[in-house]
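*Asks:* A single structure is presented below for examination.
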Amino acid sequence: MRRRVAGALAGSLLLAGGCSGGPDDPLPAASATPAGEPAVSPRESQAVLDGWTERFNEAVDSGAEADLRAVTAGPLRDSLVGRARAGGGLPESERIALRNPVLYVPRLTGHPRWFAAAALDDAGGDARQVLVLFERARADEPWRAAHLLTFKGRPPALDFDAGGHAIPADGGSLPAGHAGYLATGNRSAFTPDAFTRAAHERARGSDTTFRPARHQVRALRTDDGGTLVWYAVEQRRTLDVGDRALPADVRARLGRSRLRATRVTATWTWLVIGYAARHGGGHVLGESVHLSDVRPA
């Protein structure tokens with residue numbers, strides 16, 4: 001459900017519900033008795049956010065890989081652990097605060113469970129908008145963040161069922177369309193933003209490959225029948241260690257490792273939030289890219 005945990009969310013991040021489709025293209029009616037139960041209860045939600053924020057900041061302070069793994073999952077874990085390995089820990093600027101959060105909680109059956117939180121983060125001084133996706137693999141495990149992005153602008157409005165809960169959806173072809181464009185420039189299923197276009201141009205003529213990451217895709221239905229999608233793309237490139245043009249993050253990672261090889265395969269993880277239209281392709285709303293692994297080729 002759309003749940004205000006602590007006051008009203010400032011700015012334009014709120015994924016407010018809106019009108020349904022027009023009379024010529026109606027959306028399916030919301031179920032009067034939605035299946036499953038809320039992924040997190042109202043009583044539990046504030047404790048989840050407070051507890052996770054404290055544990056995450058402690059993990060940033062320690063910089064220990066084990067601590068980062070304990071508070072993250074999925075593509076966010078890959079990204080943060082990779083950054084910590086390359087930098088010998090994480091900078092203090094990675095500490096986070098979740099102010100005035102608004103939760104988007106779907107009804108789910110069994111585990112894993114997940115929900116999204118939109119909030120203002122002012123831990124570094126200036127406030128920024130963030131979207132965080134939380135997952136809980138099993139009932140006896142803690143909540144972990146699987147996706148976290150700074151978000152600018154206004155996302156599409158979400159749809160809600162008769163009980164006020166966000167409606168889970170299928171991520172569709174958006175991750176494959178995004179990876180396909182990066183690899184080939186094919187726009188039939190994906191409209192690139194400037195960042196993605198530049199990445200495609202840089203990769204042309206190299207042995208860089210792109211594919212949807214192995215991690216679970218999460219999506220919520222928007223009020224126009226489309227989907228808001230959290231996913232990850234994996235970028236790989238084989239490099240000569242002695243190349244003067246070796247990317248700086250790869251060079252830093254090699255400098256802190258015991259890896260001895262003349263050629264390595266580097267992997268970057270793209271954290272992406274995208275929108276897939278009800279009819280047609282999709283596009284990116286926000287992304288970040290960080291080195292997540294380096295190993296012998």
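Residues are referred to by chain and number: the chain letter is A, B, ... according to the order shown in the structure tokens, the number counts from 1 in that chain, and ligands are numbered separately from 1 in the order shown.
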Per residue of region 242-281 of chain A within 12 Å of region 129-137 of chain A, note the shortest atom pair and the distance in Å to one decimal, counting only C-alpha atoms, and order the rows by chain and increasing residue number, as JSON lines.
*Replies:*
```
{"residue": "A:Leu271", "atom": "CA", "partner": "A:Val132", "partner_atom": "CA", "distance": 11.3}
{"residue": "A:Val272", "atom": "CA", "partner": "A:Leu131", "partner_atom": "CA", "distance": 10.9}
{"residue": "A:Ile273", "atom": "CA", "partner": "A:Leu131", "partner_atom": "CA", "distance": 9.1}
```
*Asks:* Could you go through region 6-244 of chain A and tell me which residues DSSP, when run on the backbone, assigns to strand (DSSP E), listing them as an MDAnalysis selection string?
*Replies:* chainID A and resid 37:38 99:104 107:108 113:121 128:136 144:150 190:191 209:212 218:221 227:240
*Asks:* Near Ala169 (chain A), within 7 Å and counting only C-alpha atoms, which residues show up once chain neighbours fewer than 5 positions away are dropped, as a ChimeraX atom specification?
*Replies:* /A:219-221,227
*Asks:* Those same residues, written as an mmCIF file, in the first residue's frame with all heavy atoms?
*Replies:*
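Below you can see result_30.cif, which holds the result:
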```cif
data_model
loop_
_atom_site.group_PDB
_atom_site.id
_atom_site.type_symbol
_atom_site.label_atom_id
_atom_site.label_comp_id
_atom_site.auth_asym_id
_atom_site.auth_seq_id
_atom_site.Cartn_x
_atom_site.Cartn_y
_atom_site.Cartn_z
ATOM 1 N N ALA A 219 8.739 -5.387 -9.991
ATOM 2 C CA ALA A 219 7.963 -4.390 -10.718
ATOM 3 C C ALA A 219 6.629 -4.152 -10.033
ATOM 4 O O ALA A 219 6.054 -5.056 -9.407
ATOM 5 C CB ALA A 219 7.739 -4.844 -12.164
ATOM 6 N N LEU A 220 6.129 -2.923 -10.158
ATOM 7 C CA LEU A 220 4.807 -2.546 -9.679
ATOM 8 C C LEU A 220 4.024 -1.930 -10.832
ATOM 9 O O LEU A 220 4.588 -1.241 -11.684
ATOM 10 C CB LEU A 220 4.908 -1.542 -8.533
ATOM 11 C CG LEU A 220 5.554 -2.040 -7.236
ATOM 12 C CD1 LEU A 220 5.757 -0.879 -6.264
ATOM 13 C CD2 LEU A 220 4.713 -3.134 -6.597
ATOM 14 N N ARG A 221 2.729 -2.160 -10.834
ATOM 15 C CA ARG A 221 1.898 -1.646 -11.913
ATOM 16 C C ARG A 221 1.655 -0.154 -11.732
ATOM 17 O O ARG A 221 1.406 0.312 -10.617
ATOM 18 C CB ARG A 221 0.555 -2.384 -11.966
ATOM 19 C CG ARG A 221 -0.205 -2.124 -13.276
ATOM 20 C CD ARG A 221 -1.408 -3.030 -13.403
ATOM 21 N NE ARG A 221 -2.546 -2.541 -12.610
ATOM 22 C CZ ARG A 221 -3.747 -3.114 -12.621
ATOM 23 N NH1 ARG A 221 -3.949 -4.211 -13.350
ATOM 24 N NH2 ARG A 221 -4.735 -2.620 -11.889
ATOM 25 N N THR A 227 4.396 -0.522 -16.146
ATOM 26 C CA THR A 227 5.075 -1.042 -14.959
ATOM 27 C C THR A 227 6.292 -0.189 -14.618
ATOM 28 O O THR A 227 7.000 0.297 -15.511
ATOM 29 C CB THR A 227 5.543 -2.503 -15.153
ATOM 30 O OG1 THR A 227 6.273 -2.622 -16.378
ATOM 31 C CG2 THR A 227 4.378 -3.461 -15.146
#
```
*Asks:* Could you list, with a cut-off of 12 Å and counting only C-alpha atoms, the residues of region 161-213 of chain A near region 284-292 of chain A, each shown with its nearest atom pair and the distance in Å rounded to one decimal, rows sorted by chain and ascending number, as CSV?
*Replies:*
```
residue,atom,partner,partner_atom,distance
A:Leu174,CA,A:Val284,CA,9.1
A:Pro175,CA,A:Val284,CA,10.0
A:Gly177,CA,A:Val284,CA,10.8
A:His178,CA,A:Val284,CA,8.3
A:Ala179,CA,A:Val284,CA,11.7
A:Tyr181,CA,A:Val284,CA,11.9
A:Phe190,CA,A:Val284,CA,8.7
A:Thr191,CA,A:Val284,CA,7.8
A:Pro192,CA,A:Val284,CA,6.9
A:Asp193,CA,A:Val284,CA,6.5
A:Ala194,CA,A:Val284,CA,9.8
A:Phe195,CA,A:Glu287,CA,8.6
A:Thr196,CA,A:Val284,CA,8.6
A:Arg197,CA,A:Val284,CA,11.2
A:Ala199,CA,A:Val289,CA,10.3
A:Ala213,CA,A:Ser292,CA,11.9
```
*Asks:* Which residues come within 10 Å of Ala146 (chain A), counting only C-alpha atoms, excluding same-chain residues fewer than 2 positions away, as a compact mmCIF listing (two decimals) with N, CA and C atoms, in the first residue's frame?
*Replies:*
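Once everything was written out, this is around31.txt:
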```txt
# COMPACT_ATOMS: atom_id res chain seq x y z
N VAL A 71 23.74 -6.58 5.04
CA VAL A 71 22.66 -5.59 4.95
C VAL A 71 22.16 -5.38 3.52
N THR A 72 22.76 -6.08 2.55
CA THR A 72 22.37 -5.90 1.16
C THR A 72 22.11 -7.26 0.52
N ALA A 73 21.47 -7.21 -0.64
CA ALA A 73 21.18 -8.42 -1.40
C ALA A 73 21.21 -8.05 -2.88
N GLY A 74 21.16 -9.06 -3.73
CA GLY A 74 20.99 -8.85 -5.16
C GLY A 74 22.02 -7.92 -5.78
N PRO A 75 21.59 -7.09 -6.74
CA PRO A 75 22.55 -6.25 -7.46
C PRO A 75 23.18 -5.17 -6.61
N LEU A 76 22.49 -4.68 -5.58
CA LEU A 76 23.10 -3.68 -4.71
C LEU A 76 24.28 -4.28 -3.96
N ARG A 77 24.16 -5.52 -3.54
CA ARG A 77 25.28 -6.20 -2.88
C ARG A 77 26.48 -6.28 -3.83
N ASP A 78 26.25 -6.71 -5.06
CA ASP A 78 27.35 -6.81 -6.02
C ASP A 78 28.04 -5.47 -6.19
N TRP A 114 9.02 -8.40 -0.55
CA TRP A 114 9.72 -7.17 -0.93
C TRP A 114 8.75 -6.00 -0.92
N VAL A 132 14.43 2.92 -2.59
CA VAL A 132 15.10 1.73 -2.06
C VAL A 132 14.14 0.55 -2.17
N LEU A 133 14.66 -0.58 -2.63
CA LEU A 133 13.87 -1.81 -2.69
C LEU A 133 14.39 -2.76 -1.63
N PHE A 134 13.51 -3.15 -0.70
CA PHE A 134 13.88 -4.05 0.38
C PHE A 134 13.37 -5.46 0.10
N GLU A 135 14.18 -6.45 0.48
CA GLU A 135 13.80 -7.86 0.31
C GLU A 135 14.05 -8.62 1.60
N ARG A 136 13.22 -9.63 1.79
CA ARG A 136 13.40 -10.56 2.92
C ARG A 136 13.28 -11.97 2.37
N TRP A 143 15.55 -7.96 6.91
CA TRP A 143 15.33 -7.23 5.67
C TRP A 143 16.65 -6.67 5.17
N ARG A 144 16.87 -6.78 3.87
CA ARG A 144 18.07 -6.24 3.23
C ARG A 144 17.66 -5.38 2.04
N LEU A 148 19.07 0.43 -4.69
CA LEU A 148 19.03 1.78 -4.13
C LEU A 148 19.56 2.75 -5.16
N HIS A 215 19.84 -11.45 -11.20
CA HIS A 215 19.03 -11.13 -10.04
C HIS A 215 17.55 -10.98 -10.40
N GLN A 216 16.72 -11.17 -9.39
CA GLN A 216 15.28 -11.08 -9.56
C GLN A 216 14.86 -9.67 -9.98
N TRP A 230 12.36 -2.40 -11.26
CA TRP A 230 13.70 -2.39 -10.67
C TRP A 230 14.46 -3.59 -11.23
N TYR A 231 15.60 -3.35 -11.87
CA TYR A 231 16.35 -4.47 -12.45
C TYR A 231 17.83 -4.12 -12.53
N LEU A 271 22.60 -0.71 -11.90
CA LEU A 271 21.34 -0.65 -11.15
C LEU A 271 20.40 0.27 -11.92
```
*Asks:* Given the choices A:Ala35, A:Ala84, A:Ala189, A:Ala232, which gets closest to Arg218 (chain A) if the distance is worked out from only C-alpha atoms?
*Replies:*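 Nearest to Arg218 (chain A): A:Ala232.
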*Asks:* Could you name the residues that touch region 38-41 of chain A at 8 Å or less, counting only C-alpha atoms, but leaving out those on the same chain fewer than 2 positions away, as a PyMOL selection string?
*Replies:* chain A and resi 1+36+43-45+105-108+113-115+165
*Asks:* Deliver the residues from the most recent selection as a file, using N, CA, C and O atoms, as an mmCIF file, in the first residue's frame.
*Replies:*
```
data_model
loop_
_atom_site.group_PDB
_atom_site.id
_atom_site.type_symbol
_atom_site.label_atom_id
_atom_site.label_comp_id
_atom_site.auth_asym_id
_atom_site.auth_seq_id
_atom_site.Cartn_x
_atom_site.Cartn_y
_atom_site.Cartn_z
ATOM 1 N N MET A 1 0.832 -1.187 0.000
ATOM 2 C CA MET A 1 0.000 0.000 0.000
ATOM 3 C C MET A 1 0.867 1.236 0.000
ATOM 4 O O MET A 1 2.053 1.171 0.299
ATOM 5 N N GLY A 36 -2.883 -12.975 -1.047
ATOM 6 C CA GLY A 36 -1.694 -12.772 -0.243
ATOM 7 C C GLY A 36 -1.924 -11.808 0.901
ATOM 8 O O GLY A 36 -3.042 -11.403 1.206
ATOM 9 N N ARG A 43 2.814 -1.810 11.534
ATOM 10 C CA ARG A 43 3.501 -1.746 12.825
ATOM 11 C C ARG A 43 4.994 -2.041 12.682
ATOM 12 O O ARG A 43 5.831 -1.485 13.399
ATOM 13 N N GLU A 44 5.352 -2.898 11.729
ATOM 14 C CA GLU A 44 6.735 -3.328 11.553
ATOM 15 C C GLU A 44 7.547 -2.356 10.692
ATOM 16 O O GLU A 44 8.774 -2.276 10.830
ATOM 17 N N SER A 45 6.889 -1.617 9.809
ATOM 18 C CA SER A 45 7.603 -0.906 8.755
ATOM 19 C C SER A 45 8.603 0.124 9.274
ATOM 20 O O SER A 45 9.723 0.209 8.768
ATOM 21 N N VAL A 105 3.780 -1.053 -0.681
ATOM 22 C CA VAL A 105 3.785 -2.422 -0.163
ATOM 23 C C VAL A 105 2.809 -3.284 -0.953
ATOM 24 O O VAL A 105 1.590 -3.065 -0.887
ATOM 25 N N PRO A 106 3.304 -4.270 -1.684
ATOM 26 C CA PRO A 106 2.399 -5.176 -2.389
ATOM 27 C C PRO A 106 1.941 -6.316 -1.485
ATOM 28 O O PRO A 106 2.578 -6.604 -0.460
ATOM 29 N N ARG A 107 0.842 -6.937 -1.863
ATOM 30 C CA ARG A 107 0.430 -8.182 -1.219
ATOM 31 C C ARG A 107 1.153 -9.325 -1.912
ATOM 32 O O ARG A 107 1.191 -9.411 -3.139
ATOM 33 N N LEU A 108 1.735 -10.247 -1.101
ATOM 34 C CA LEU A 108 2.510 -11.356 -1.650
ATOM 35 C C LEU A 108 2.171 -12.630 -0.899
ATOM 36 O O LEU A 108 1.687 -12.597 0.233
ATOM 37 N N ARG A 113 9.820 -11.796 0.261
ATOM 38 C CA ARG A 113 8.919 -10.649 0.290
ATOM 39 C C ARG A 113 9.720 -9.395 -0.043
ATOM 40 O O ARG A 113 10.920 -9.326 0.196
ATOM 41 N N TRP A 114 9.025 -8.396 -0.553
ATOM 42 C CA TRP A 114 9.719 -7.168 -0.928
ATOM 43 C C TRP A 114 8.755 -5.997 -0.918
ATOM 44 O O TRP A 114 7.550 -6.176 -1.014
ATOM 45 N N PHE A 115 9.291 -4.812 -0.761
ATOM 46 C CA PHE A 115 8.512 -3.584 -0.859
ATOM 47 C C PHE A 115 9.466 -2.456 -1.218
ATOM 48 O O PHE A 115 10.699 -2.589 -1.115
ATOM 49 N N HIS A 165 -3.125 -1.355 -1.594
ATOM 50 C CA HIS A 165 -1.784 -1.895 -1.724
ATOM 51 C C HIS A 165 -1.287 -1.775 -3.158
ATOM 52 O O HIS A 165 -2.064 -1.903 -4.114
#
```
*Asks:* Could you give me, as a list in words, each residue of region 110-215 of chain A that DSSP assigns to alpha helix (DSSP H) when run on this structure's backbone?
*Replies:*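 Here are the alpha helix (DSSP H) residues of region 110-215 of chain A: Leu174, Pro175, Ala176, Gly177, His178, Ala179, Gly180, Tyr181, Leu182, Ala183, Thr184, Ala194, Phe195, Thr196, Arg197, Ala198, Ala199, His200, Glu201, Arg202 and Ala203 of chain A.
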*Asks:* Keeping all heavy atoms, export the residues of the selection given above as a short mmCIF file (atom, residue, chain, number, x, y, z; two decimals), in the first residue's frame.
*Replies:*
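Listing of again15.cif after writing:
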```
data_model
loop_
_atom_site.label_atom_id
_atom_site.label_comp_id
_atom_site.auth_asym_id
_atom_site.auth_seq_id
_atom_site.Cartn_x
_atom_site.Cartn_y
_atom_site.Cartn_z
N LEU A 174 11.75 -5.38 -20.44
CA LEU A 174 12.57 -4.19 -20.26
C LEU A 174 14.05 -4.51 -20.02
O LEU A 174 14.93 -3.93 -20.68
CB LEU A 174 12.00 -3.31 -19.16
CG LEU A 174 12.70 -1.98 -18.89
CD1 LEU A 174 12.82 -1.15 -20.16
CD2 LEU A 174 11.95 -1.19 -17.83
N PRO A 175 14.41 -5.41 -19.09
CA PRO A 175 15.84 -5.70 -18.88
C PRO A 175 16.52 -6.22 -20.15
O PRO A 175 17.63 -5.79 -20.48
CB PRO A 175 15.83 -6.75 -17.77
CG PRO A 175 14.55 -6.52 -17.04
CD PRO A 175 13.57 -6.12 -18.08
N ALA A 176 15.84 -7.12 -20.87
CA ALA A 176 16.42 -7.65 -22.10
C ALA A 176 16.51 -6.58 -23.18
O ALA A 176 17.49 -6.51 -23.94
CB ALA A 176 15.60 -8.83 -22.61
N GLY A 177 15.50 -5.70 -23.24
CA GLY A 177 15.53 -4.63 -24.22
C GLY A 177 16.66 -3.65 -23.95
O GLY A 177 17.33 -3.18 -24.88
N HIS A 178 16.89 -3.35 -22.67
CA HIS A 178 17.97 -2.44 -22.29
C HIS A 178 19.33 -3.05 -22.63
O HIS A 178 20.17 -2.40 -23.27
CB HIS A 178 17.87 -2.15 -20.79
CG HIS A 178 18.75 -1.03 -20.33
ND1 HIS A 178 18.63 -0.47 -19.09
CD2 HIS A 178 19.76 -0.36 -20.92
CE1 HIS A 178 19.52 0.49 -18.93
NE2 HIS A 178 20.24 0.57 -20.05
N ALA A 179 19.53 -4.31 -22.22
CA ALA A 179 20.80 -4.98 -22.53
C ALA A 179 20.99 -5.13 -24.03
O ALA A 179 22.10 -4.99 -24.56
CB ALA A 179 20.85 -6.34 -21.85
N GLY A 180 19.90 -5.41 -24.75
CA GLY A 180 19.97 -5.56 -26.19
C GLY A 180 20.38 -4.27 -26.87
O GLY A 180 21.18 -4.28 -27.82
N TYR A 181 19.83 -3.15 -26.42
CA TYR A 181 20.24 -1.87 -27.01
C TYR A 181 21.73 -1.61 -26.75
O TYR A 181 22.46 -1.19 -27.66
CB TYR A 181 19.41 -0.72 -26.46
CG TYR A 181 20.01 0.60 -26.91
CD1 TYR A 181 19.73 1.09 -28.17
CD2 TYR A 181 20.91 1.29 -26.09
CE1 TYR A 181 20.33 2.26 -28.62
CE2 TYR A 181 21.52 2.45 -26.54
CZ TYR A 181 21.23 2.93 -27.80
OH TYR A 181 21.85 4.07 -28.25
N LEU A 182 22.17 -1.82 -25.51
CA LEU A 182 23.57 -1.58 -25.19
C LEU A 182 24.50 -2.40 -26.07
O LEU A 182 25.57 -1.95 -26.46
CB LEU A 182 23.82 -1.90 -23.72
CG LEU A 182 23.32 -0.86 -22.71
CD1 LEU A 182 23.25 -1.45 -21.31
CD2 LEU A 182 24.21 0.37 -22.72
N ALA A 183 24.08 -3.62 -26.39
CA ALA A 183 24.92 -4.52 -27.18
C ALA A 183 24.85 -4.22 -28.67
O ALA A 183 25.86 -4.33 -29.38
CB ALA A 183 24.52 -5.98 -26.91
N THR A 184 23.67 -3.87 -29.18
CA THR A 184 23.48 -3.80 -30.63
C THR A 184 22.98 -2.46 -31.14
O THR A 184 23.03 -2.20 -32.35
CB THR A 184 22.47 -4.88 -31.08
OG1 THR A 184 21.16 -4.55 -30.56
CG2 THR A 184 22.88 -6.25 -30.57
N ALA A 194 20.38 9.43 -22.53
CA ALA A 194 21.69 9.88 -22.97
C ALA A 194 22.82 9.03 -22.39
O ALA A 194 23.80 8.72 -23.08
CB ALA A 194 21.89 11.35 -22.57
N PHE A 195 22.70 8.63 -21.13
CA PHE A 195 23.74 7.82 -20.50
C PHE A 195 23.87 6.47 -21.20
O PHE A 195 24.98 6.01 -21.47
CB PHE A 195 23.40 7.61 -19.02
CG PHE A 195 24.49 6.95 -18.23
CD1 PHE A 195 25.46 7.69 -17.59
CD2 PHE A 195 24.55 5.56 -18.12
CE1 PHE A 195 26.48 7.09 -16.85
CE2 PHE A 195 25.56 4.94 -17.40
CZ PHE A 195 26.52 5.71 -16.76
N THR A 196 22.75 5.84 -21.50
CA THR A 196 22.78 4.53 -22.16
C THR A 196 23.30 4.66 -23.59
O THR A 196 24.05 3.80 -24.07
CB THR A 196 21.39 3.90 -22.15
OG1 THR A 196 20.96 3.72 -20.79
CG2 THR A 196 21.38 2.54 -22.83
N ARG A 197 22.91 5.71 -24.30
CA ARG A 197 23.44 5.92 -25.65
C ARG A 197 24.95 6.07 -25.63
O ARG A 197 25.66 5.49 -26.46
CB ARG A 197 22.81 7.17 -26.27
CG ARG A 197 21.36 7.00 -26.68
CD ARG A 197 20.93 8.11 -27.64
NE ARG A 197 21.14 9.44 -27.11
CZ ARG A 197 20.24 10.09 -26.38
NH1 ARG A 197 19.07 9.52 -26.09
NH2 ARG A 197 20.50 11.32 -25.94
N ALA A 198 25.47 6.84 -24.66
CA ALA A 198 26.91 7.02 -24.58
C ALA A 198 27.62 5.72 -24.25
O ALA A 198 28.70 5.43 -24.81
CB ALA A 198 27.23 8.08 -23.51
N ALA A 199 27.04 4.90 -23.38
CA ALA A 199 27.65 3.61 -23.04
C ALA A 199 27.68 2.69 -24.26
O ALA A 199 28.66 1.97 -24.48
CB ALA A 199 26.87 2.96 -21.90
N HIS A 200 26.62 2.71 -25.05
CA HIS A 200 26.59 1.90 -26.28
C HIS A 200 27.68 2.35 -27.25
O HIS A 200 28.39 1.51 -27.83
CB HIS A 200 25.22 2.00 -26.95
CG HIS A 200 25.20 1.48 -28.35
ND1 HIS A 200 25.39 0.14 -28.65
CD2 HIS A 200 25.03 2.12 -29.55
CE1 HIS A 200 25.33 -0.02 -29.96
NE2 HIS A 200 25.12 1.16 -30.52
N GLU A 201 27.85 3.65 -27.42
CA GLU A 201 28.86 4.16 -28.34
C GLU A 201 30.26 3.78 -27.87
O GLU A 201 31.12 3.40 -28.67
CB GLU A 201 28.73 5.67 -28.49
CG GLU A 201 27.49 6.12 -29.24
CD GLU A 201 27.47 5.58 -30.66
OE1 GLU A 201 28.54 5.55 -31.31
OE2 GLU A 201 26.39 5.15 -31.11
N ARG A 202 30.51 3.88 -26.56
CA ARG A 202 31.84 3.52 -26.04
C ARG A 202 32.13 2.04 -26.23
O ARG A 202 33.29 1.64 -26.41
CB ARG A 202 31.93 3.87 -24.55
CG ARG A 202 32.03 5.36 -24.26
CD ARG A 202 32.46 5.60 -22.82
NE ARG A 202 31.55 5.00 -21.87
CZ ARG A 202 30.49 5.63 -21.36
NH1 ARG A 202 30.22 6.87 -21.74
NH2 ARG A 202 29.70 5.03 -20.48
N ALA A 203 31.09 1.21 -26.17
CA ALA A 203 31.30 -0.24 -26.25
C ALA A 203 31.47 -0.74 -27.68
O ALA A 203 31.94 -1.87 -27.90
CB ALA A 203 30.12 -0.97 -25.60
#
```
*Asks:* Hey, which of A:Ala47, A:Ala145, A:Ala297, A:Leu68 ends up closest to Leu259 (chain A)? Count only C-alpha atoms.
*Replies:* A:Ala297
*Asks:* Considering only C-alpha atoms, can you say which of A:Leu254, A:Glu94, A:Tyr275, A:Thr269 comes closest to Pro296 (chain A)?
*Replies:* A:Leu254
*Asks:* For Gln46 (chain A), work out the shell of residues within 12 Å, counting only C-alpha atoms and skipping chain neighbours fewer than 2 positions away, then give it as a list in words.
*Replies:*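 Residues meeting the cut-off are Arg3, Arg4, Val5, Ala6, Val40, Ser41, Pro42, Arg43, Glu44, Val48, Leu49, Asp50, Gly51, Trp52, Thr53, Leu98, Arg99, Asn100, Pro101, Val102, Leu103 and Ala117 of chain A.
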*Asks:* Between A:Arg258, A:His147, A:Lys152, A:Arg253, which residue has the minimum interatomic distance to Val229 (chain A), considering only C-alpha atoms?
*Replies:* A:His147
*Asks:* Leaving out region 245-247 of chain A and any residue of its chain fewer than 5 positions from it, which residues lie within 12 Å of it when counting only C-alpha atoms, given as a PyMOL selection string?
*Replies:* chain A and resi 86+237-240+252-254+263-268+290-291+294
